[in-house]
Amino acid sequence: MELEMKIRGLMMDPVTNMPIVVLKDVQGNAVLPIWVGVYEANAIALEIEKVQTPRPMTHDLLKNVFLGFDVRVDKIVVNDLKDDTFYALICVEREGQMMTIDSRPSDALALALRLDCPIYVEETVLKSSKQASTISDKVNNEELRRWLEGLNDEDLGRYKM
């Protein structure tokens with residue numbers, strides 16, 4: 001089963017100093033932090049802030065290719081978690097044919113923002129992320145989940161949505 005999620009914000013992991021995309025389900029019950037690279041976080045932040053770049057970035061290019069070939073992005077789904085690595089699918093439709101494209105979650109999320117399509121997370125991914133024993137050597141998932149769930153809008157800083 002898939003839960004619809006929204007990007008709640010971007011923040012920095014205080015332990016690893018790596019960017020985190022914070023997803024929260026539309027009912028507000030589940031939170032899923034996804035660690036991403038600096039460049040991917042920048043691509044997401046630029047779209048959140050609606051910053052126009054002088055030339056298309058990779059995700060803008062992909063958006064333009066999809067639109068140019070009349071491909072509709074139906075949704076993106078964070079569909080798996082293996083060895084602390086998240087996996088995602090971009091679900092597209094063209095001329096009535098549905099297809100899925102394997103993707104890193106960060107790229108799928110950046111594209112979803114640009115195309116205003118829904119974001120989903122498989123329930124099994126949420127359960128797996130809660131059962132993982134540690135995120136880093138110092139912080140475990142349960143502690144981070146409680147910390148993320150306790151965040152307010154001010155804590156999320158300039159990238160709150």
# chains A, B, ... in the order shown; residues from 1 in each chain; ligands from 1

$ select_by_dssp --residues "range 26-107 of chain A" --states "helix (DSSP H, G or I)" --output "list in words"
Val38, Tyr39, Glu40, Ala41, Asn42, Ala43, Ile44, Ala45, Leu46, Glu47, Ile48, Thr58, His59, Asp60, Leu61, Leu62, Lys63, Asn64, Val65, Phe66, Leu67, Gly68, Pro105, Ser106 and Asp107 of chain A

$ select_by_dssp --residues "chain A" --states "strand (DSSP E or B)" --output "JSON, numbers by chain"
{"A": [2, 3, 4, 5, 6, 7, 8, 9, 10, 11, 12, 19, 20, 21, 22, 23, 24, 25, 31, 32, 33, 34, 35, 72, 73, 74, 75, 76, 77, 78, 79, 80, 81, 82, 85, 86, 87, 88, 89, 90, 91, 92, 93, 94, 97, 98, 99, 100, 101, 102, 103, 119, 120, 121, 122]}

$ residues_around --residues "range 112-127 of chain A" --least-positions-apart "6" --cutoff "6 Å" --atoms "only C-alpha atoms" --output "MDAnalysis selection string"
chainID A and resid 1:5 75:81

$ closest_residue --among "A:Glu93, A:Asp83, A:Glu40, A:Asp74" --to "Pro105 in chain A" --atoms "only C-alpha atoms"
A:Glu40

$ closest_residue --among "A:Ala110, A:Val31, A:Arg94, A:Met12" --to "Phe66 in chain A" --atoms "only C-alpha atoms"
A:Arg94

$ closest_residue --among "A:Met18, A:Ala45, A:Met11, A:Leu111" --to "Leu62 in chain A" --atoms "only C-alpha atoms"
A:Leu111

$ closest_residue --among "A:Val15, A:Pro56, A:Leu10, A:Gly68" --to "Gly37 in chain A" --atoms "only C-alpha atoms"
A:Leu10

$ residues_around --residues "Pro33 in chain A" --least-positions-apart "4" --cutoff "7 Å" --atoms "only C-alpha atoms" --output "number ranges by chain"
A: 20-23

$ write_last_selection --atoms "all heavy atoms" --output "PDB file, in the first residue's frame"
ATOM      1  N   ILE A  20      18.937  16.445   4.378  1.00  0.00           N
ATOM      2  CA  ILE A  20      17.832  15.505   4.549  1.00  0.00           C
ATOM      3  C   ILE A  20      16.591  16.130   3.929  1.00  0.00           C
ATOM      4  O   ILE A  20      16.264  17.284   4.210  1.00  0.00           O
ATOM      5  CB  ILE A  20      17.532  15.224   6.034  1.00  0.00           C
ATOM      6  CG1 ILE A  20      18.756  14.688   6.764  1.00  0.00           C
ATOM      7  CG2 ILE A  20      16.354  14.267   6.178  1.00  0.00           C
ATOM      8  CD1 ILE A  20      18.564  14.611   8.281  1.00  0.00           C
ATOM      9  N   VAL A  21      15.901  15.368   3.098  1.00  0.00           N
ATOM     10  CA  VAL A  21      14.572  15.753   2.634  1.00  0.00           C
ATOM     11  C   VAL A  21      13.596  15.110   3.603  1.00  0.00           C
ATOM     12  O   VAL A  21      13.649  13.899   3.837  1.00  0.00           O
ATOM     13  CB  VAL A  21      14.287  15.267   1.203  1.00  0.00           C
ATOM     14  CG1 VAL A  21      12.868  15.634   0.779  1.00  0.00           C
ATOM     15  CG2 VAL A  21      15.300  15.820   0.226  1.00  0.00           C
ATOM     16  N   VAL A  22      12.723  15.918   4.184  1.00  0.00           N
ATOM     17  CA  VAL A  22      11.757  15.411   5.150  1.00  0.00           C
ATOM     18  C   VAL A  22      10.408  15.277   4.449  1.00  0.00           C
ATOM     19  O   VAL A  22       9.833  16.267   3.988  1.00  0.00           O
ATOM     20  CB  VAL A  22      11.628  16.343   6.374  1.00  0.00           C
ATOM     21  CG1 VAL A  22      10.621  15.785   7.366  1.00  0.00           C
ATOM     22  CG2 VAL A  22      12.994  16.551   7.033  1.00  0.00           C
ATOM     23  N   LEU A  23       9.932  14.018   4.358  1.00  0.00           N
ATOM     24  CA  LEU A  23       8.605  13.749   3.801  1.00  0.00           C
ATOM     25  C   LEU A  23       7.646  13.515   4.958  1.00  0.00           C
ATOM     26  O   LEU A  23       8.001  12.884   5.950  1.00  0.00           O
ATOM     27  CB  LEU A  23       8.623  12.509   2.908  1.00  0.00           C
ATOM     28  CG  LEU A  23       9.513  12.537   1.677  1.00  0.00           C
ATOM     29  CD1 LEU A  23       9.394  11.217   0.913  1.00  0.00           C
ATOM     30  CD2 LEU A  23       9.170  13.700   0.775  1.00  0.00           C
TER      31      LEU A  23
END

$ atom_distance --atom1 "CA of Gln27 in chain A" --atom2 "CA of Val71 in chain A"
29.6 Å

$ residues_around --residues "Ser106 in chain A" --least-positions-apart "6" --cutoff "9 Å" --atoms "only C-alpha atoms" --output "VMD selection string"
chain A and resid 21 34 to 37 40 to 41 43 to 44 88

$ write_last_selection --atoms "N, CA and C atoms" --output "compact mmCIF listing (two decimals), in the first residue's frame"
# COMPACT_ATOMS: atom_id res chain seq x y z
N VAL A 21 15.90 15.37 3.10
CA VAL A 21 14.57 15.75 2.63
C VAL A 21 13.60 15.11 3.60
N ILE A 34 14.90 11.35 4.28
CA ILE A 34 15.71 10.72 3.24
C ILE A 34 16.98 11.55 3.07
N TRP A 35 18.12 10.94 3.35
CA TRP A 35 19.39 11.62 3.18
C TRP A 35 19.70 11.71 1.70
N VAL A 36 20.12 12.88 1.25
CA VAL A 36 20.44 13.10 -0.16
C VAL A 36 21.79 13.81 -0.26
N GLY A 37 22.32 13.85 -1.45
CA GLY A 37 23.58 14.55 -1.69
C GLY A 37 23.36 16.05 -1.72
N GLU A 40 21.87 17.27 -5.09
CA GLU A 40 20.45 16.90 -5.21
C GLU A 40 19.60 17.79 -4.30
N ALA A 41 20.09 18.04 -3.09
CA ALA A 41 19.37 18.94 -2.17
C ALA A 41 19.26 20.33 -2.77
N ALA A 43 19.12 21.07 -5.97
CA ALA A 43 18.11 21.02 -7.03
C ALA A 43 16.70 21.08 -6.44
N ILE A 44 16.50 20.40 -5.33
CA ILE A 44 15.19 20.42 -4.66
C ILE A 44 14.93 21.80 -4.07
N ALA A 88 13.43 4.56 -5.76
CA ALA A 88 12.18 5.19 -6.18
C ALA A 88 11.86 4.82 -7.63

$ atom_distance --atom1 "CA of Ile48 in chain A" --atom2 "CA of Val26 in chain A"
17.6 Å

$ atom_distance --atom1 "CA of Leu32 in chain A" --atom2 "CA of Ser128 in chain A"
10.7 Å
